[in-house]
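Text of query.txt, listed as compact mmCIF, C-alpha atoms:
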```
# COMPACT_ATOMS: atom_id res chain seq x y z
CA MET A 1 -63.33 -61.77 17.49
CA ARG A 2 -62.39 -58.20 18.29
CA MET A 3 -58.72 -57.79 19.20
CA GLU A 4 -56.48 -54.86 20.03
CA GLU A 5 -53.00 -55.01 18.54
CA VAL A 6 -50.14 -52.78 19.62
CA LYS A 7 -46.57 -52.88 18.33
CA ILE A 8 -43.89 -52.11 20.93
CA GLY A 9 -40.47 -52.25 19.32
CA ASN A 10 -40.24 -55.66 17.66
CA VAL A 11 -42.97 -57.16 19.86
CA THR A 12 -46.67 -57.25 18.99
CA VAL A 13 -49.16 -57.32 21.86
CA VAL A 14 -52.42 -58.98 20.87
CA LYS A 15 -55.32 -58.45 23.26
CA PRO A 16 -58.61 -60.27 22.59
CA MET A 17 -61.48 -58.05 23.73
CA GLU A 18 -64.02 -60.78 24.42
CA ARG A 19 -64.65 -62.74 27.60
CA ARG A 20 -64.36 -66.16 26.01
CA LEU A 21 -61.91 -67.80 23.63
CA ASP A 22 -63.79 -71.02 22.97
CA ALA A 23 -65.24 -73.22 20.23
CA ALA A 24 -67.53 -70.37 19.19
CA THR A 25 -64.76 -67.78 18.75
CA ALA A 26 -61.53 -69.72 18.16
CA VAL A 27 -61.81 -69.78 14.36
CA SER A 28 -61.78 -65.99 14.02
CA PHE A 29 -58.99 -65.70 16.62
CA LYS A 30 -56.85 -68.25 14.78
CA SER A 31 -57.48 -66.53 11.46
CA ARG A 32 -56.41 -63.12 12.78
CA MET A 33 -53.30 -64.60 14.38
CA ALA A 34 -52.43 -66.27 11.07
CA ASP A 35 -52.79 -62.89 9.31
CA LEU A 36 -50.37 -61.27 11.77
CA ILE A 37 -47.83 -64.08 11.44
CA ASN A 38 -48.10 -64.10 7.65
CA ALA A 39 -47.49 -60.34 7.73
CA GLY A 40 -44.14 -61.03 9.39
CA GLU A 41 -44.84 -60.64 13.12
CA ARG A 42 -42.58 -63.05 15.01
CA LEU A 43 -42.62 -61.97 18.65
CA ILE A 44 -46.12 -61.96 20.08
CA VAL A 45 -47.52 -61.32 23.55
CA LEU A 46 -51.03 -62.70 23.91
CA ASP A 47 -52.63 -60.52 26.56
CA LEU A 48 -55.58 -62.43 28.06
CA THR A 49 -56.52 -59.77 30.61
CA GLU A 50 -60.07 -59.48 29.24
CA VAL A 51 -60.54 -63.21 28.61
CA GLU A 52 -62.20 -65.07 31.46
CA PHE A 53 -62.58 -68.47 29.83
CA VAL A 54 -60.56 -70.49 27.33
CA ASP A 55 -61.51 -74.03 26.32
CA SER A 56 -59.47 -76.68 24.51
CA THR A 57 -60.46 -75.29 21.10
CA GLY A 58 -59.20 -71.85 22.05
CA LEU A 59 -56.04 -73.37 23.48
CA GLY A 60 -55.56 -75.35 20.27
CA ALA A 61 -55.72 -72.07 18.33
CA ILE A 62 -53.03 -70.58 20.59
CA VAL A 63 -50.83 -73.67 20.11
CA SER A 64 -51.37 -73.48 16.34
CA SER A 65 -50.20 -69.86 16.38
CA LEU A 66 -47.07 -70.79 18.32
CA LYS A 67 -46.27 -73.50 15.79
CA SER A 68 -46.80 -71.11 12.87
CA LEU A 69 -44.20 -68.72 14.28
CA GLY A 70 -41.44 -71.24 13.68
CA PRO A 71 -38.15 -71.49 15.54
CA GLU A 72 -37.27 -67.83 15.02
CA GLY A 73 -40.46 -66.64 16.69
CA ASP A 74 -42.04 -66.79 20.13
CA LEU A 75 -45.45 -66.35 21.68
CA VAL A 76 -45.86 -65.72 25.39
CA ILE A 77 -48.95 -65.25 27.51
CA ALA A 78 -49.87 -62.42 29.88
CA GLY A 79 -52.75 -61.41 32.14
CA VAL A 80 -54.05 -64.89 32.86
CA GLY A 81 -56.88 -65.24 35.37
CA ASP A 82 -57.58 -68.23 37.61
CA MET A 83 -59.92 -69.95 35.15
CA VAL A 84 -57.47 -69.80 32.26
CA MET A 85 -54.50 -70.73 34.43
CA ASN A 86 -56.41 -73.81 35.54
CA LEU A 87 -56.79 -74.82 31.86
CA PHE A 88 -53.05 -74.40 31.25
CA ARG A 89 -52.30 -76.61 34.25
CA LEU A 90 -54.88 -79.30 33.37
CA THR A 91 -53.49 -79.59 29.83
CA ARG A 92 -49.89 -79.19 31.03
CA MET A 93 -49.47 -76.33 28.56
CA ASN A 94 -48.02 -74.27 31.41
CA ARG A 95 -44.84 -76.25 30.63
CA VAL A 96 -44.89 -74.93 27.05
CA PHE A 97 -45.79 -71.26 27.31
CA ARG A 98 -44.06 -68.63 29.36
CA ILE A 99 -46.80 -66.89 31.36
CA PHE A 100 -46.31 -63.38 32.76
CA PRO A 101 -48.50 -61.40 35.18
CA THR A 102 -48.71 -58.39 32.85
CA ALA A 103 -48.23 -57.59 29.17
CA ARG A 104 -45.56 -55.09 30.13
CA GLU A 105 -43.44 -57.78 31.78
CA ALA A 106 -44.02 -60.10 28.83
CA VAL A 107 -42.89 -57.44 26.36
CA GLY A 108 -39.77 -56.87 28.44
CA ALA A 109 -38.97 -60.57 28.37
CA LEU A 110 -39.51 -60.86 24.62
CA ALA A 111 -37.81 -57.63 23.56
CA GLY A 112 -34.42 -59.29 23.51
CA GLY A 113 -35.64 -62.01 21.12
CA PRO A 114 -36.94 -65.58 21.55
CA SER A 115 -35.68 -67.69 24.44
CA MET B 1 -69.35 -84.12 62.49
CA LYS B 2 -69.70 -84.48 58.73
CA VAL B 3 -72.30 -82.49 56.86
CA ILE B 4 -74.44 -84.70 54.64
CA GLN B 5 -75.11 -83.33 51.16
CA ARG B 6 -78.79 -83.28 50.32
CA PRO B 7 -79.44 -85.34 47.19
CA GLY B 8 -81.04 -83.77 44.13
CA ARG B 9 -81.45 -84.01 40.38
CA ILE B 10 -81.76 -81.46 37.59
CA LEU B 11 -82.33 -82.00 33.89
CA LEU B 12 -81.07 -79.43 31.37
CA THR B 13 -81.61 -79.34 27.63
CA LEU B 14 -79.25 -77.42 25.36
CA GLY B 15 -79.61 -76.79 21.64
CA THR B 16 -76.62 -77.77 19.50
CA ARG B 17 -75.39 -74.20 19.13
CA LEU B 18 -71.77 -73.63 20.14
CA GLU B 19 -72.51 -70.02 21.08
CA ASP B 20 -74.86 -71.25 23.85
CA VAL B 21 -72.56 -73.76 25.53
CA PHE B 22 -71.28 -71.16 27.98
CA LEU B 23 -74.72 -71.17 29.61
CA LEU B 24 -74.28 -74.83 30.50
CA GLY B 25 -70.95 -73.93 32.07
CA TRP B 26 -72.64 -71.33 34.23
CA ALA B 27 -75.35 -73.79 35.29
CA VAL B 28 -72.81 -76.48 36.16
CA ARG B 29 -70.77 -74.02 38.18
CA GLY B 30 -73.83 -72.95 40.17
CA VAL B 31 -74.95 -76.50 40.95
CA CYS B 32 -71.45 -77.65 41.84
CA GLU B 33 -70.80 -74.68 44.09
CA GLY B 34 -73.98 -75.57 45.96
CA ALA B 35 -72.70 -79.14 46.27
CA GLY B 36 -69.56 -77.93 48.02
CA PHE B 37 -66.95 -77.64 45.27
CA ARG B 38 -64.66 -74.63 45.41
CA ASP B 39 -61.89 -72.84 43.51
CA ASP B 40 -60.05 -74.98 40.94
CA ASP B 41 -62.51 -77.88 41.35
CA LEU B 42 -65.34 -75.56 40.29
CA ARG B 43 -63.34 -74.17 37.38
CA SER B 44 -62.39 -77.66 36.26
CA LEU B 45 -65.95 -78.97 36.41
CA GLU B 46 -67.27 -76.05 34.37
CA LEU B 47 -64.53 -76.57 31.80
CA ALA B 48 -64.99 -80.36 31.62
CA LEU B 49 -68.73 -80.08 30.97
CA VAL B 50 -68.19 -77.39 28.33
CA GLU B 51 -65.68 -79.72 26.67
CA ALA B 52 -68.02 -82.71 26.80
CA VAL B 53 -70.97 -80.88 25.26
CA THR B 54 -68.81 -79.10 22.69
CA ASN B 55 -67.54 -82.53 21.60
CA VAL B 56 -71.11 -83.74 21.18
CA ILE B 57 -72.06 -80.74 19.04
CA ARG B 58 -68.93 -80.88 16.89
CA HIS B 59 -68.66 -84.63 16.42
CA ALA B 60 -72.05 -86.27 17.06
CA PHE B 61 -73.89 -83.50 15.18
CA ARG B 62 -71.02 -82.25 12.93
CA GLY B 63 -71.50 -78.74 14.30
CA GLU B 64 -75.04 -78.50 12.97
CA GLU B 65 -77.64 -76.55 14.89
CA GLY B 66 -81.21 -77.72 15.45
CA TYR B 67 -80.60 -80.76 17.64
CA ALA B 68 -80.66 -81.18 21.40
CA VAL B 69 -78.31 -82.45 24.09
CA THR B 70 -79.68 -83.38 27.50
CA ILE B 71 -77.58 -83.03 30.62
CA GLU B 72 -78.78 -84.67 33.81
CA ILE B 73 -76.97 -83.71 37.00
CA VAL B 74 -77.50 -85.93 40.03
CA ILE B 75 -76.13 -84.97 43.42
CA SER B 76 -75.83 -87.76 45.97
CA PRO B 77 -74.13 -87.80 49.38
CA GLU B 78 -71.03 -89.22 47.68
CA SER B 79 -70.73 -87.61 44.27
CA VAL B 80 -72.06 -85.53 41.44
CA VAL B 81 -72.90 -87.48 38.29
CA PHE B 82 -73.36 -85.83 34.89
CA ARG B 83 -75.20 -87.83 32.23
CA ILE B 84 -74.83 -86.22 28.79
CA VAL B 85 -77.31 -87.73 26.38
CA ASP B 86 -77.57 -87.22 22.61
CA ARG B 87 -78.96 -89.00 19.59
CA GLY B 88 -76.22 -88.05 17.13
CA ALA B 89 -73.41 -90.17 15.72
CA ALA B 90 -71.74 -92.45 18.24
CA MET B 91 -68.30 -91.51 19.52
CA ALA B 92 -65.65 -93.18 17.36
CA ASP B 93 -62.68 -92.92 19.72
CA ARG B 94 -63.90 -93.65 23.24
CA ALA B 95 -60.55 -93.36 24.99
CA PHE B 96 -60.32 -90.65 27.61
CA VAL B 97 -56.65 -90.28 28.40
CA ARG B 98 -54.49 -87.35 29.37
CA CYS B 99 -52.40 -85.89 26.55
CA ASP B 100 -48.69 -86.22 27.01
CA PHE B 101 -46.06 -84.46 24.97
CA ASP B 102 -42.55 -83.09 25.06
CA PRO B 103 -42.99 -79.40 25.93
CA ALA B 104 -39.69 -78.59 24.20
CA ASP B 105 -40.83 -80.12 20.90
CA VAL B 106 -43.15 -77.39 19.66
CA ALA B 107 -43.85 -79.10 16.33
CA SER B 108 -45.35 -82.11 18.10
CA LEU B 109 -47.66 -80.20 20.46
CA PRO B 110 -51.31 -81.26 20.24
CA GLU B 111 -53.78 -78.79 18.70
CA GLY B 112 -56.82 -81.03 19.10
CA GLY B 113 -58.04 -83.84 21.29
CA MET B 114 -57.38 -81.88 24.47
CA GLY B 115 -61.05 -81.83 25.46
CA LYS B 116 -61.07 -85.50 26.35
CA SER B 117 -57.73 -85.07 28.08
CA ILE B 118 -59.26 -82.35 30.27
CA ILE B 119 -62.26 -84.54 31.10
CA ALA B 120 -59.90 -87.39 32.03
CA ALA B 121 -57.91 -85.07 34.29
CA VAL B 122 -60.98 -83.70 36.07
CA MET B 123 -63.33 -86.65 36.55
CA ASP B 124 -63.03 -89.62 38.91
CA ASP B 125 -64.93 -91.97 36.62
CA ILE B 126 -65.94 -91.88 32.94
CA ALA B 127 -68.28 -94.26 31.15
CA TYR B 128 -69.85 -94.23 27.70
CA GLU B 129 -72.91 -96.13 26.55
CA CYS B 130 -74.42 -96.38 23.09
CA GLU B 131 -77.75 -98.14 22.78
CA GLY B 132 -80.62 -97.84 20.32
CA GLY B 133 -79.22 -94.67 18.76
CA THR B 134 -78.85 -92.93 22.12
CA ASN B 135 -75.38 -92.03 23.33
CA THR B 136 -74.75 -91.40 27.01
CA LEU B 137 -71.54 -90.08 28.49
CA ILE B 138 -71.49 -90.51 32.27
CA LEU B 139 -69.03 -88.40 34.23
CA THR B 140 -68.63 -88.83 37.97
CA LYS B 141 -66.85 -86.55 40.40
CA LYS B 142 -66.64 -87.34 44.10
CA LEU B 143 -67.82 -84.60 46.40
CA PRO B 144 -64.93 -82.73 48.04
CA SER B 145 -65.41 -84.33 51.48
CA ARG B 146 -65.48 -87.82 49.90
CA ALA B 147 -62.46 -87.13 47.70
CA GLU B 148 -60.47 -86.15 50.81
CA GLU B 149 -61.26 -89.51 52.41
CA THR B 150 -59.69 -91.41 49.50
CA PRO B 151 -56.16 -92.46 50.52
```

Would you write the structure of this file as structure tokens?
Amino acid sequence: MRMEEVKIGNVTVVKPMERRLDAATAVSFKSRMADLINAGERLIVLDLTEVEFVDSTGLGAIVSSLKSLGPEGDLVIAGVGDMVMNLFRLTRMNRVFRIFPTAREAVGALAGGPS
Amino acid sequence: MKVIQRPGRILLTLGTRLEDVFLLGWAVRGVCEGAGFRDDDLRSLELALVEAVTNVIRHAFRGEEGYAVTIEIVISPESVVFRIVDRGAAMADRAFVRCDFDPADVASLPEGGMGKSIIAAVMDDIAYECEGGTNTLILTKKLPSRAEETP
């Protein structure tokens, strides 16, 4: 999966550049996220602006990334469309992840460290 | 005066290739929009069918390509019924229940099994039959006008 990664201060913004994060693409997404976390990134904004559809496999990969960050890290979500927000509500994962309208707002929230 | 939904039936066949499952989602969305579903109902139905067929490919066929899954969609005046038929391995765990977890306990969050939870959250009725090597998952969703009548 092609992803753009930008470091802003101590926050890394990860932006998947495909329309779907699903069973067909989740493995490569999870692998790249693991690489970033193993390289020491701890504060991550997942910008889903370009992603129209996420299924439970893609969501599982996001949850796995959050777990890998450990208590000193945090992963928040930005740029969620109606389809993806519906998934977060159906799975009740909207109670787990902080979801921001834009990556800029998410970076601002994370810049001070994990909540 | 209530508008009566015209009944109809369509049969779709999908190869067991994960990269093609999105096409089923598009087809389901189109049929369900025609049946009167809107907004989050449409999104949920597309997602639930993608989850159901992905489960078949990953578990009944171990992710192997070269097999087929048949999806029959029947629209009646009351509901839309999806019959997902395969001849792979039978489903081991047939429970469709919504995942529950403590959102503050990150270590215990589920990473898998959420597909069935989504299906349970979206559908009004779920049944599973296994007979003569054929597995059939039957998912029923009441049409919007009928769902509103339910107290």

For a quick check of your reading of the model, name the residues lying within 7 Å of the coordinate (-47.7, -66.7, 34.0), counting all atoms listed in the file, and write them as a PyMOL selection string. chain A and resi 77-78+80+98-101

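Here CA of Glu65 in chain B stands at a distance of 10.4 Å from CA of Glu19 in chain B.
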
Define the interface residues of chain B facing chain A as those within 7 Å, counting only C-alpha atoms, and report them as a PyMOL selection string. chain B and resi 18-19+40+43+47+103-104+106-107+111-112+114-115+118+121

Smallest atom-to-atom distance to Lys7 in chain A: which of A:Ala34, A:Leu21, A:Ala39, A:Val107, using all atoms listed in the file?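 Using all atoms listed in the file, the shortest distance to Lys7 in chain A belongs to A:Val107.
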
Give the answer as one residue: which of A:Lys30, A:Val76, A:Leu46, A:Glu41 has the shortest atom-to-atom distance to Gly9 in chain A, using only C-alpha atoms?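 Once distances to Gly9 in chain A are computed over only C-alpha atoms, the minimum belongs to A:Glu41.
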
Excluding range 129-139 of chain B and residues on its chain fewer than 5 positions from it, collect all residues at most 6 Å away from it, counting only C-alpha atoms, and give them as a list of chain:residue names. B:Val81, B:Phe82, B:Arg83, B:Ile84, B:Val85, B:Asp86, B:Arg87

Distance in Å - CA of Met17 in chain A versus CA of Thr49 in chain A: 8.7 Å

With a distance cut-off of 10 Å and all atoms listed in the file, select the neighbouring residues of Gly40 in chain A, excluding the residue or stretch itself and same-chain residues fewer than 4 positions from it, and output the selection as a ChimeraX atom specification. /A:34-36,69,73

Of the residues A:Met33, A:Ala26, A:Val13, A:Leu43, which is the one nearest to Glu72 in chain A, using all atoms listed in the file? A:Leu43

Could you tell me how far CA of Arg9 in chain B sits from CA of Gly34 in chain B, in Å to one decimal place?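 That distance, rounded to one decimal, is 12.6 Å.
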
Give the answer as one residue: which of A:Ile44, A:Val51, A:Ile37, A:Ala111 has the shortest atom-to-atom distance to Arg2 in chain A, using all atoms listed in the file?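 Comparing A:Ile44, A:Val51, A:Ile37, A:Ala111 against Arg2 in chain A, the winner is A:Val51.
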